[in-house]
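Below is the file upload_12.txt, which contains compact mmCIF, C-alpha atoms.
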# COMPACT_ATOMS: atom_id res chain seq x y z
CA PHE U 4 -13.62 -21.63 -39.60
CA SER U 5 -10.26 -21.70 -37.86
CA ALA U 6 -8.34 -23.49 -40.62
CA SER U 7 -4.78 -22.21 -40.69
CA TYR U 8 -2.67 -22.16 -43.83
CA THR U 9 1.03 -22.28 -44.61
CA MET U 10 2.76 -20.12 -47.19
CA SER U 11 6.41 -19.39 -47.96
CA LEU U 12 8.68 -18.64 -50.89
CA LYS U 13 9.73 -22.29 -50.92
CA LEU U 14 6.10 -23.44 -51.29
CA LEU U 15 5.48 -20.77 -53.90
CA GLU U 16 8.37 -22.02 -56.01
CA LYS U 17 6.94 -25.56 -55.92
CA LEU U 18 3.74 -24.30 -57.55
CA GLY U 19 5.65 -23.37 -60.69
CA PRO U 20 5.83 -20.29 -62.91
CA ARG U 21 2.96 -17.96 -63.91
CA ILE U 22 0.45 -19.56 -61.55
CA LEU U 23 -0.68 -16.40 -59.73
CA PHE U 24 -2.85 -13.62 -61.11
CA ASP U 25 -4.11 -10.74 -58.97
CA SER U 26 -7.51 -9.73 -60.31
CA HIS U 27 -7.67 -6.45 -58.36
CA CYS U 28 -4.99 -4.12 -57.00
CA HIS U 29 -4.02 -0.44 -57.00
CA LEU U 30 -0.42 -0.03 -58.07
CA ASP U 31 -1.02 3.71 -58.51
CA PHE U 32 -1.84 4.09 -54.81
CA ILE U 33 1.43 2.35 -53.93
CA LEU U 34 3.52 4.39 -56.38
CA PHE U 35 2.02 7.81 -55.68
CA TRP U 36 0.55 7.63 -52.17
CA ARG U 37 2.74 5.13 -50.28
CA LEU U 38 6.09 5.80 -51.96
CA PRO U 39 6.11 9.48 -53.04
CA HIS U 40 9.48 9.95 -51.33
CA MET U 41 11.10 7.55 -53.80
CA GLU U 42 10.28 9.85 -56.75
CA LEU U 43 10.11 6.84 -59.07
CA GLU U 44 10.56 7.53 -62.77
CA SER U 45 9.95 4.02 -64.09
CA PHE U 46 8.25 0.84 -62.94
CA ASP U 47 11.57 -0.98 -63.30
CA GLN U 48 12.84 1.09 -60.37
CA PHE U 49 9.92 -0.11 -58.27
CA MET U 50 10.61 -3.72 -59.30
CA HIS U 51 14.27 -3.29 -58.37
CA ASN U 52 13.37 -1.99 -54.90
CA PHE U 53 10.71 -4.67 -54.32
CA PRO U 54 12.09 -7.78 -56.07
CA LEU U 55 9.14 -9.91 -54.96
CA MET U 56 7.36 -8.29 -57.93
CA ASN U 57 9.75 -10.28 -60.16
CA HIS U 58 8.80 -13.66 -58.68
CA PRO U 59 8.27 -16.13 -61.55
CA SER U 60 5.01 -17.40 -60.00
CA LEU U 61 3.33 -14.03 -60.69
CA GLU U 62 1.74 -14.06 -64.13
CA GLY U 63 0.22 -10.59 -63.93
CA PHE U 64 -2.43 -8.36 -62.40
CA ILE U 65 -5.23 -5.89 -63.03
CA THR U 66 -4.55 -2.47 -61.53
CA ASN U 67 -7.59 -0.27 -60.90
CA PHE U 68 -7.41 3.48 -61.52
CA CYS U 69 -10.38 4.61 -59.42
CA SER U 70 -9.25 8.04 -58.19
CA PRO U 71 -10.05 10.88 -60.60
CA ARG U 72 -7.22 12.89 -59.08
CA VAL U 73 -4.76 10.15 -60.07
CA TRP U 74 -6.01 9.56 -63.60
CA VAL U 75 -6.27 13.30 -64.31
CA GLU U 76 -2.62 13.74 -63.30
CA HIS U 77 -1.11 10.48 -64.55
CA LEU U 78 -3.26 8.97 -67.33
CA ALA U 79 -4.07 11.96 -69.52
CA PRO U 80 -1.59 11.47 -71.09
CA PRO U 81 0.22 8.61 -69.32
CA THR U 82 3.27 9.76 -67.38
CA PRO U 83 6.53 7.85 -68.00
CA LEU U 84 6.05 5.91 -64.75
CA ILE U 85 2.52 4.80 -65.67
CA GLN U 86 3.51 4.11 -69.27
CA SER U 87 6.29 1.82 -68.05
CA LEU U 88 3.80 0.04 -65.76
CA LEU U 89 1.09 -0.49 -68.38
CA SER U 90 3.52 -1.56 -71.11
CA ARG U 91 4.62 -4.59 -69.11
CA PRO U 92 3.32 -7.98 -70.25
CA SER U 93 0.27 -9.31 -68.38
CA VAL U 94 -0.50 -5.95 -66.76
CA TYR U 95 -4.09 -4.82 -67.34
CA TYR U 96 -6.10 -1.95 -65.94
CA THR U 97 -9.52 -0.47 -65.29
CA ILE U 98 -10.69 3.15 -65.11
CA GLY U 99 -13.50 4.40 -62.90
CA CYS U 100 -14.44 6.34 -59.81
CA HIS U 101 -14.57 4.79 -56.33
CA PRO U 102 -17.60 5.89 -54.27
CA HIS U 103 -15.27 7.66 -51.82
CA TYR U 104 -14.34 10.06 -54.63
CA ALA U 105 -17.80 10.39 -56.20
CA ARG U 106 -17.93 14.16 -55.80
CA GLU U 107 -14.88 14.50 -58.06
CA LEU U 108 -16.76 12.85 -60.94
CA LEU U 109 -19.65 15.33 -60.64
CA ASN U 110 -17.19 17.76 -62.20
CA SER U 111 -18.20 17.48 -65.87
CA ARG U 112 -14.61 17.89 -67.09
CA ASN U 113 -13.51 14.90 -65.02
CA TYR U 114 -16.39 12.77 -66.31
CA ARG U 115 -15.66 13.71 -69.90
CA LEU U 116 -11.99 12.83 -69.40
CA MET U 117 -12.90 9.42 -67.96
CA GLU U 118 -15.21 8.85 -70.91
CA GLN U 119 -12.45 9.75 -73.38
CA LEU U 120 -9.86 7.59 -71.61
CA LEU U 121 -12.19 4.58 -71.78
CA GLU U 122 -13.25 5.24 -75.38
CA LYS U 123 -9.65 5.49 -76.58
CA ALA U 124 -8.23 2.70 -74.39
CA GLY U 125 -6.73 -0.35 -76.03
CA PRO U 126 -7.31 -3.99 -75.09
CA GLY U 127 -5.26 -3.56 -71.91
CA CYS U 128 -8.19 -1.67 -70.36
CA VAL U 129 -10.54 -4.47 -69.33
CA ALA U 130 -13.36 -2.82 -67.36
CA VAL U 131 -15.07 0.23 -65.89
CA GLY U 132 -14.50 0.62 -62.17
CA GLU U 133 -14.17 0.16 -59.43
CA CYS U 134 -17.45 1.95 -58.87
CA GLY U 135 -20.44 1.46 -56.60
CA LEU U 136 -21.91 2.54 -53.28
CA ASP U 137 -20.41 2.69 -49.79
CA THR U 138 -22.27 3.70 -46.62
CA SER U 139 -19.47 2.71 -44.24
CA GLY U 140 -18.13 5.21 -41.73
CA LYS U 141 -15.07 5.84 -43.91
CA ASN U 142 -17.16 7.44 -46.65
CA THR U 143 -18.49 10.97 -46.18
CA THR U 144 -19.98 11.36 -49.67
CA ARG U 145 -23.76 11.89 -49.81
CA MET U 146 -25.70 8.84 -51.00
CA ALA U 147 -27.48 10.93 -53.67
CA ASP U 148 -24.10 11.89 -55.16
CA GLN U 149 -22.82 8.31 -54.95
CA GLU U 150 -25.91 6.99 -56.73
CA GLU U 151 -25.68 9.59 -59.51
CA VAL U 152 -22.01 8.80 -60.16
CA PHE U 153 -22.65 5.05 -59.97
CA LYS U 154 -25.42 5.33 -62.56
CA MET U 155 -23.19 7.37 -64.86
CA GLN U 156 -20.50 4.70 -64.82
CA VAL U 157 -22.83 1.73 -65.27
CA LYS U 158 -24.45 3.44 -68.25
CA LEU U 159 -21.02 4.15 -69.71
CA ALA U 160 -19.96 0.52 -69.27
CA MET U 161 -23.13 -0.59 -71.03
CA ARG U 162 -22.52 1.83 -73.92
CA LEU U 163 -18.89 0.76 -74.30
CA LYS U 164 -19.69 -2.92 -73.70
CA LYS U 165 -17.16 -3.14 -70.88
CA PRO U 166 -17.35 -5.38 -67.80
CA LEU U 167 -17.89 -3.72 -64.41
CA VAL U 168 -15.82 -3.84 -61.23
CA LEU U 169 -18.14 -3.09 -58.31
CA HIS U 170 -17.38 -1.85 -54.81
CA ILE U 171 -20.54 -2.27 -52.71
CA ARG U 172 -20.21 -1.89 -48.96
CA ASP U 173 -23.14 -1.81 -46.53
CA ALA U 174 -25.38 -0.82 -49.45
CA GLU U 175 -26.57 -4.06 -51.02
CA LYS U 176 -30.24 -3.11 -51.47
CA GLU U 177 -29.41 0.39 -52.71
CA ALA U 178 -26.91 -0.93 -55.26
CA ILE U 179 -29.31 -3.53 -56.64
CA ARG U 180 -31.98 -0.83 -56.95
CA VAL U 181 -29.59 1.40 -58.94
CA LEU U 182 -28.65 -1.47 -61.27
CA GLU U 183 -32.35 -2.20 -61.83
CA GLU U 184 -33.08 1.47 -62.52
CA VAL U 185 -30.44 1.66 -65.27
CA LYS U 186 -31.64 -1.72 -66.59
CA LEU U 187 -28.28 -3.47 -66.40
CA PRO U 188 -28.81 -6.91 -67.98
CA ALA U 189 -28.58 -9.76 -65.48
CA SER U 190 -26.03 -11.41 -67.78
CA TRP U 191 -23.56 -8.49 -67.61
CA PRO U 192 -20.01 -9.56 -66.69
CA ILE U 193 -19.32 -8.20 -63.19
CA HIS U 194 -16.47 -8.55 -60.75
CA ARG U 195 -17.90 -8.06 -57.23
CA HIS U 196 -14.69 -6.84 -55.69
CA CYS U 197 -13.66 -7.52 -52.07
CA TRP U 198 -16.68 -9.43 -50.80
CA ASN U 199 -17.21 -8.78 -47.09
CA ASP U 200 -20.74 -9.87 -46.29
CA THR U 201 -22.73 -13.01 -45.49
CA TRP U 202 -23.10 -16.13 -47.60
CA ALA U 203 -26.87 -15.57 -47.71
CA ARG U 204 -26.41 -12.16 -49.35
CA CYS U 205 -23.79 -13.60 -51.67
CA GLN U 206 -26.26 -16.24 -52.85
CA VAL U 207 -28.84 -13.53 -53.60
CA TRP U 208 -26.27 -11.63 -55.64
CA LEU U 209 -25.09 -14.71 -57.57
CA ASP U 210 -28.67 -15.65 -58.43
CA LYS U 211 -29.49 -12.13 -59.61
CA PHE U 212 -26.29 -11.68 -61.67
CA PRO U 213 -25.28 -15.16 -62.86
CA SER U 214 -22.38 -13.88 -65.00
CA SER U 215 -20.64 -12.22 -62.07
CA VAL U 216 -17.65 -13.46 -60.11
CA VAL U 217 -16.85 -12.69 -56.49
CA GLY U 218 -13.44 -11.43 -55.39
CA ILE U 219 -11.91 -12.56 -52.10
CA THR U 220 -8.94 -10.73 -50.59
CA ASN U 221 -6.49 -11.42 -47.79
CA MET U 222 -9.20 -10.21 -45.41
CA VAL U 223 -10.02 -13.93 -45.38
CA THR U 224 -6.75 -14.53 -43.46
CA ILE U 225 -8.01 -12.44 -40.52
CA PRO U 226 -9.39 -14.88 -37.91
CA ARG U 227 -12.47 -12.82 -36.95
CA THR U 228 -13.87 -12.63 -40.52
CA THR U 229 -16.16 -15.60 -40.05
CA ASP U 230 -18.80 -14.45 -42.57
CA LEU U 231 -16.17 -14.09 -45.28
CA GLN U 232 -14.62 -17.44 -44.40
CA GLN U 233 -18.01 -19.08 -44.79
CA VAL U 234 -18.31 -17.50 -48.24
CA ALA U 235 -14.85 -18.85 -49.08
CA LYS U 236 -16.05 -22.32 -48.06
CA MET U 237 -19.43 -22.23 -49.83
CA LEU U 238 -18.76 -20.18 -52.97
CA PRO U 239 -18.65 -22.38 -56.09
CA LEU U 240 -15.10 -22.34 -57.43
CA ASP U 241 -16.38 -21.30 -60.85
CA ARG U 242 -17.58 -17.99 -59.34
CA LEU U 243 -14.38 -17.15 -57.42
CA VAL U 244 -11.57 -14.75 -58.29
CA LEU U 245 -8.57 -13.97 -56.11
CA GLU U 246 -7.41 -10.45 -55.36
CA THR U 247 -5.11 -8.56 -53.01
CA ASP U 248 -6.59 -5.04 -53.23
CA ALA U 249 -2.96 -3.96 -52.71
CA PRO U 250 -1.83 -1.74 -51.05
CA TYR U 251 -4.47 -2.91 -48.55
CA PHE U 252 -4.87 -6.17 -46.59
CA LEU U 253 -1.40 -7.40 -45.74
CA PRO U 254 -1.83 -11.15 -45.23
CA ARG U 255 -2.07 -12.58 -41.72
CA GLY U 256 -0.76 -15.99 -40.74
CA GLY U 257 0.92 -18.41 -43.10
CA GLY U 258 3.73 -19.29 -40.69
CA LEU U 259 7.21 -17.79 -40.46
CA GLY U 260 7.48 -17.18 -44.21
CA GLY U 261 3.92 -16.00 -44.66
CA ASP U 262 4.94 -12.51 -45.77
CA LEU U 263 6.94 -14.09 -48.65
CA GLY U 264 9.96 -12.01 -47.71
CA HIS U 265 8.19 -8.67 -48.21
CA THR U 266 10.14 -6.16 -46.14
CA THR U 267 7.59 -3.41 -45.46
CA ARG U 268 4.29 -3.27 -43.59
CA GLU U 269 3.26 -0.20 -45.61
CA PHE U 270 1.55 -2.15 -48.38
CA SER U 271 0.85 -5.59 -49.81
CA LEU U 272 1.86 -6.71 -53.31
CA PRO U 273 0.07 -8.67 -56.08
CA VAL U 274 2.08 -11.81 -55.30
CA HIS U 275 0.30 -11.97 -51.92
CA VAL U 276 -2.65 -13.39 -53.82
CA ALA U 277 -0.87 -16.67 -53.01
CA ASN U 278 -1.92 -16.23 -49.38
CA VAL U 279 -5.57 -15.81 -50.42
CA ALA U 280 -5.45 -19.03 -52.41
CA ALA U 281 -3.71 -20.93 -49.60
CA GLN U 282 -6.21 -19.76 -46.97
CA ILE U 283 -9.22 -20.61 -49.17
CA ALA U 284 -7.75 -24.06 -49.86
CA ALA U 285 -7.29 -24.64 -46.12
CA ILE U 286 -10.88 -23.58 -45.39
CA ARG U 287 -12.28 -25.79 -48.16
CA GLY U 288 -10.00 -28.74 -47.41
CA CYS U 289 -8.70 -28.89 -50.98
CA ARG U 290 -5.38 -28.42 -52.73
CA MET U 291 -4.19 -24.89 -53.42
CA GLU U 292 -3.67 -25.85 -57.08
CA GLU U 293 -7.41 -26.54 -57.37
CA VAL U 294 -8.23 -23.00 -56.25
CA LEU U 295 -5.62 -21.53 -58.61
CA ARG U 296 -6.87 -23.54 -61.60
CA ALA U 297 -10.40 -22.27 -61.03
CA ARG U 298 -9.36 -18.65 -60.86
CA ARG U 299 -7.62 -18.91 -64.26
CA VAL U 300 -10.80 -20.06 -65.98
CA ASN U 301 -12.93 -17.50 -64.11
CA ILE U 302 -10.72 -14.58 -65.11
CA TYR U 303 -11.18 -15.58 -68.73
CA SER U 304 -14.95 -15.85 -68.32
CA VAL U 305 -15.27 -12.22 -67.20
CA TRP U 306 -12.36 -10.49 -68.88
CA THR U 307 -12.96 -11.78 -72.40
CA GLN U 308 -10.62 -9.10 -73.70
CA LEU U 309 -7.94 -10.05 -71.22
CA VAL U 310 -6.06 -13.12 -72.36
CA ASP U 311 -6.58 -15.78 -74.98
CA GLN U 312 -7.76 -19.29 -74.21
CA GLU U 313 -4.40 -20.85 -74.99
CA CYS U 314 -2.80 -18.67 -72.31
CA LEU U 315 -5.29 -20.01 -69.77
CA GLY U 316 -4.61 -23.63 -70.66
CA LYS U 317 -8.25 -24.24 -71.60
Step by step, read the file and then write its structure as structure tokens.
Amino acid sequence: FSASYTMSLKLLEKLGPRILFDSHCHLDFILFWRLPHMELESFDQFMHNFPLMNHPSLEGFITNFCSPRVWVEHLAPPTPLIQSLLSRPSVYYTIGCHPHYARELLNSRNYRLMEQLLEKAGPGCVAVGECGLDTSGKNTTRMADQEEVFKMQVKLAMRLKKPLVLHIRDAEKEAIRVLEEVKLPASWPIHRHCWNDTWARCQVWLDKFPSSVVGITNMVTIPRTTDLQQVAKMLPLDRLVLETDAPYFLPRGGGLGGDLGHTTREFSLPVHVANVAAQIAAIRGCRMEEVLRARRVNIYSVWTQLVDQECLGK
């Protein structure tokens, strides 16, 4: 799968307005962890410094609050910076605990706060997560702690009737066992975030959870990710969502304008979901518009609270 793609601001403008939607990013990590020196007081200041965020092709995004430390400090109650972010049109969010931070949710006060934030959240909060299991070398949290925290969040999502955003890395069997133990219905709406495994395992997952969608990031633009590129080729378009996981995964390739004029290598932005769509279209041998049309319908199918059908052109 060596299909190369082309992307530039000129091509992006040809696609028209409000065509891009990033189904998974972390604006809080950019604001608080990558840009603390800027001491931003409002999201407008961020937009002013990074004008690519104003590009008319970008309809919106879902930002995931998955670090208890961040949502304790900035969501309860929302700080002016976060309030200005979440009050923007077409900005949605999730609340949960990433498996890297599982120990922080074993603190009962933190769990109770997460529960309260989700219970009191308005329609802009579309899911619980990202949560899950991660046995990669980057995660030092004990598996027993990860599993306990994962179960807590899945049960909470079931009680609140919220979709789930799942981060499962090198722990496919363990995660499926946990979901079976808590009796998560097979029909539960799930976003399997940042798929990075084989097509065979993806098929098993799709068969087991037929209401789930699979997120593909700009990892697919890295030449050596042959397993992921096969998934991008084989995955039915009605099960695909596009995501950047910003600040991570700066896009590779795309030609001279592939970075879309972004001036820093410190983080990616939601508009870089265009690169994901272009790379998937090149791999599949189809038009980029076909990939983008599919993602609009798929977002609606999972995030039923997210946007109305008229907005999706259904």
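Nearest to U:Val131 of all the residues U:Leu116, U:Ile85, U:Val234, U:Cys100 is U:Cys100, based on only C-alpha atoms.
Going from atom CA of U:Thr138 to atom CA of U:Trp198 covers 14.9 Å.
Here atom CA of U:His101 is placed at a distance of 8.7 Å from atom CA of U:Pro71.
Summary of the local environment: counting all atoms listed in the file, residues at most 12 Å from U:Lys186, other than itself and those fewer than 6 positions away along its chain, are Lys154, Val157, Lys158, Met161, Ile179 and Arg180 of chain U.
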Go ahead and save the picked residues with C-alpha atoms, as a compact mmCIF listing (two decimals), keeping the file's coordinate frame.
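See selection.txt below for the written result:
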# COMPACT_ATOMS: atom_id res chain seq x y z
CA LYS U 154 -25.42 5.33 -62.56
CA VAL U 157 -22.83 1.73 -65.27
CA LYS U 158 -24.45 3.44 -68.25
CA MET U 161 -23.13 -0.59 -71.03
CA ILE U 179 -29.31 -3.53 -56.64
CA ARG U 180 -31.98 -0.83 -56.95
Check your understanding: Between U:Met10, U:Val75, U:Leu15, U:Ile283, which is the closest to U:Leu61 once you count all atoms listed in the file?
Key -> U:Leu15
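Nearest to U:Leu43 of all the residues U:Ser7, U:Ile98, U:Phe270, U:Thr82 is U:Thr82, based on all atoms listed in the file.
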Exercise for review: Fewer than 2 positions away in the same chain doesn't count, so skip those; otherwise give me all residues within 12 Å of U:Leu14, counting all atoms listed in the file, as JSON, numbers by chain.
Suggested key: {"U": [8, 9, 10, 11, 12, 16, 17, 18, 19, 60, 257, 258, 260, 261, 263, 277, 278, 281, 291, 292]}
N, CA and C atoms of stretch 66-100 of chain U from block above, as an mmCIF file, in the first residue's frame:
data_model
loop_
_atom_site.group_PDB
_atom_site.id
_atom_site.type_symbol
_atom_site.label_atom_id
_atom_site.label_comp_id
_atom_site.auth_asym_id
_atom_site.auth_seq_id
_atom_site.Cartn_x
_atom_site.Cartn_y
_atom_site.Cartn_z
ATOM 1 N N THR U 66 -13.620 17.251 21.055
ATOM 2 C CA THR U 66 -12.411 17.271 21.862
ATOM 3 C C THR U 66 -12.625 16.397 23.095
ATOM 4 N N ASN U 67 -11.661 15.531 23.357
ATOM 5 C CA ASN U 67 -11.782 14.535 24.421
ATOM 6 C C ASN U 67 -11.034 14.976 25.672
ATOM 7 N N PHE U 68 -11.765 15.140 26.770
ATOM 8 C CA PHE U 68 -11.144 15.423 28.068
ATOM 9 C C PHE U 68 -10.927 14.081 28.766
ATOM 10 N N CYS U 69 -9.704 13.553 28.688
ATOM 11 C CA CYS U 69 -9.459 12.204 29.214
ATOM 12 C C CYS U 69 -8.382 12.182 30.287
ATOM 13 N N SER U 70 -7.976 13.362 30.760
ATOM 14 C CA SER U 70 -7.011 13.458 31.853
ATOM 15 C C SER U 70 -7.718 14.024 33.072
ATOM 16 N N PRO U 71 -7.873 13.225 34.142
ATOM 17 C CA PRO U 71 -8.525 13.756 35.347
ATOM 18 C C PRO U 71 -7.884 15.040 35.840
ATOM 19 N N ARG U 72 -6.574 15.133 35.734
ATOM 20 C CA ARG U 72 -5.894 16.345 36.196
ATOM 21 C C ARG U 72 -6.407 17.574 35.449
ATOM 22 N N VAL U 73 -6.662 17.412 34.133
ATOM 23 C CA VAL U 73 -7.155 18.546 33.351
ATOM 24 C C VAL U 73 -8.589 18.866 33.715
ATOM 25 N N TRP U 74 -9.474 17.839 33.767
ATOM 26 C CA TRP U 74 -10.869 18.207 34.021
ATOM 27 C C TRP U 74 -11.122 18.616 35.469
ATOM 28 N N VAL U 75 -10.292 18.187 36.403
ATOM 29 C CA VAL U 75 -10.412 18.694 37.777
ATOM 30 C C VAL U 75 -10.081 20.188 37.808
ATOM 31 N N GLU U 76 -9.035 20.573 37.092
ATOM 32 C CA GLU U 76 -8.578 21.971 37.120
ATOM 33 C C GLU U 76 -9.394 22.891 36.213
ATOM 34 N N HIS U 77 -9.901 22.367 35.087
ATOM 35 C CA HIS U 77 -10.436 23.263 34.060
ATOM 36 C C HIS U 77 -11.901 23.041 33.684
ATOM 37 N N LEU U 78 -12.527 21.973 34.198
ATOM 38 C CA LEU U 78 -13.938 21.727 33.867
ATOM 39 C C LEU U 78 -14.873 21.893 35.050
ATOM 40 N N ALA U 79 -14.337 21.961 36.237
ATOM 41 C CA ALA U 79 -15.197 21.976 37.427
ATOM 42 C C ALA U 79 -14.892 23.183 38.319
ATOM 43 N N PRO U 80 -15.469 24.349 38.028
ATOM 44 C CA PRO U 80 -16.283 24.685 36.847
ATOM 45 C C PRO U 80 -15.385 25.025 35.655
ATOM 46 N N PRO U 81 -15.986 25.195 34.459
ATOM 47 C CA PRO U 81 -15.166 25.518 33.290
ATOM 48 C C PRO U 81 -14.434 26.846 33.458
ATOM 49 N N THR U 82 -13.142 26.835 33.174
ATOM 50 C CA THR U 82 -12.370 28.076 33.187
ATOM 51 C C THR U 82 -12.774 28.922 31.975
ATOM 52 N N PRO U 83 -12.479 30.224 31.997
ATOM 53 C CA PRO U 83 -12.855 31.066 30.847
ATOM 54 C C PRO U 83 -12.332 30.533 29.512
ATOM 55 N N LEU U 84 -11.113 29.995 29.499
ATOM 56 C CA LEU U 84 -10.558 29.465 28.261
ATOM 57 C C LEU U 84 -11.379 28.280 27.752
ATOM 58 N N ILE U 85 -11.706 27.353 28.648
ATOM 59 C CA ILE U 85 -12.493 26.177 28.242
ATOM 60 C C ILE U 85 -13.926 26.581 27.899
ATOM 61 N N GLN U 86 -14.484 27.506 28.644
ATOM 62 C CA GLN U 86 -15.841 27.980 28.336
ATOM 63 C C GLN U 86 -15.892 28.579 26.942
ATOM 64 N N SER U 87 -14.862 29.348 26.579
ATOM 65 C CA SER U 87 -14.842 29.963 25.255
ATOM 66 C C SER U 87 -14.649 28.925 24.151
ATOM 67 N N LEU U 88 -13.952 27.829 24.468
ATOM 68 C CA LEU U 88 -13.800 26.724 23.509
ATOM 69 C C LEU U 88 -15.130 26.005 23.305
ATOM 70 N N LEU U 89 -15.765 25.599 24.406
ATOM 71 C CA LEU U 89 -16.963 24.756 24.317
ATOM 72 C C LEU U 89 -18.202 25.525 23.871
ATOM 73 N N SER U 90 -18.160 26.854 23.940
ATOM 74 C CA SER U 90 -19.317 27.642 23.512
ATOM 75 C C SER U 90 -19.306 27.913 22.011
ATOM 76 N N ARG U 91 -18.250 27.501 21.332
ATOM 77 C CA ARG U 91 -18.181 27.713 19.890
ATOM 78 C C ARG U 91 -19.122 26.744 19.163
ATOM 79 N N PRO U 92 -19.697 27.177 18.047
ATOM 80 C CA PRO U 92 -20.576 26.268 17.296
ATOM 81 C C PRO U 92 -19.806 25.063 16.761
ATOM 82 N N SER U 93 -20.463 23.916 16.765
ATOM 83 C CA SER U 93 -19.892 22.670 16.221
ATOM 84 C C SER U 93 -18.655 22.186 16.967
ATOM 85 N N VAL U 94 -18.534 22.575 18.245
ATOM 86 C CA VAL U 94 -17.501 22.004 19.109
ATOM 87 C C VAL U 94 -18.212 21.133 20.147
ATOM 88 N N TYR U 95 -17.836 19.868 20.198
ATOM 89 C CA TYR U 95 -18.437 18.906 21.111
ATOM 90 C C TYR U 95 -17.323 18.285 21.947
ATOM 91 N N TYR U 96 -17.702 17.574 23.002
ATOM 92 C CA TYR U 96 -16.662 17.040 23.869
ATOM 93 C C TYR U 96 -17.090 15.735 24.521
ATOM 94 N N THR U 97 -16.096 15.035 25.051
ATOM 95 C CA THR U 97 -16.315 13.828 25.837
ATOM 96 C C THR U 97 -15.567 13.998 27.158
ATOM 97 N N ILE U 98 -15.951 13.207 28.153
ATOM 98 C CA ILE U 98 -15.253 13.198 29.440
ATOM 99 C C ILE U 98 -14.990 11.751 29.824
ATOM 100 N N GLY U 99 -13.761 11.470 30.219
ATOM 101 C CA GLY U 99 -13.403 10.119 30.638
ATOM 102 C C GLY U 99 -11.994 10.091 31.187
ATOM 103 N N CYS U 100 -11.470 8.878 31.301
ATOM 104 C CA CYS U 100 -10.127 8.694 31.837
ATOM 105 C C CYS U 100 -9.354 7.711 30.957
#
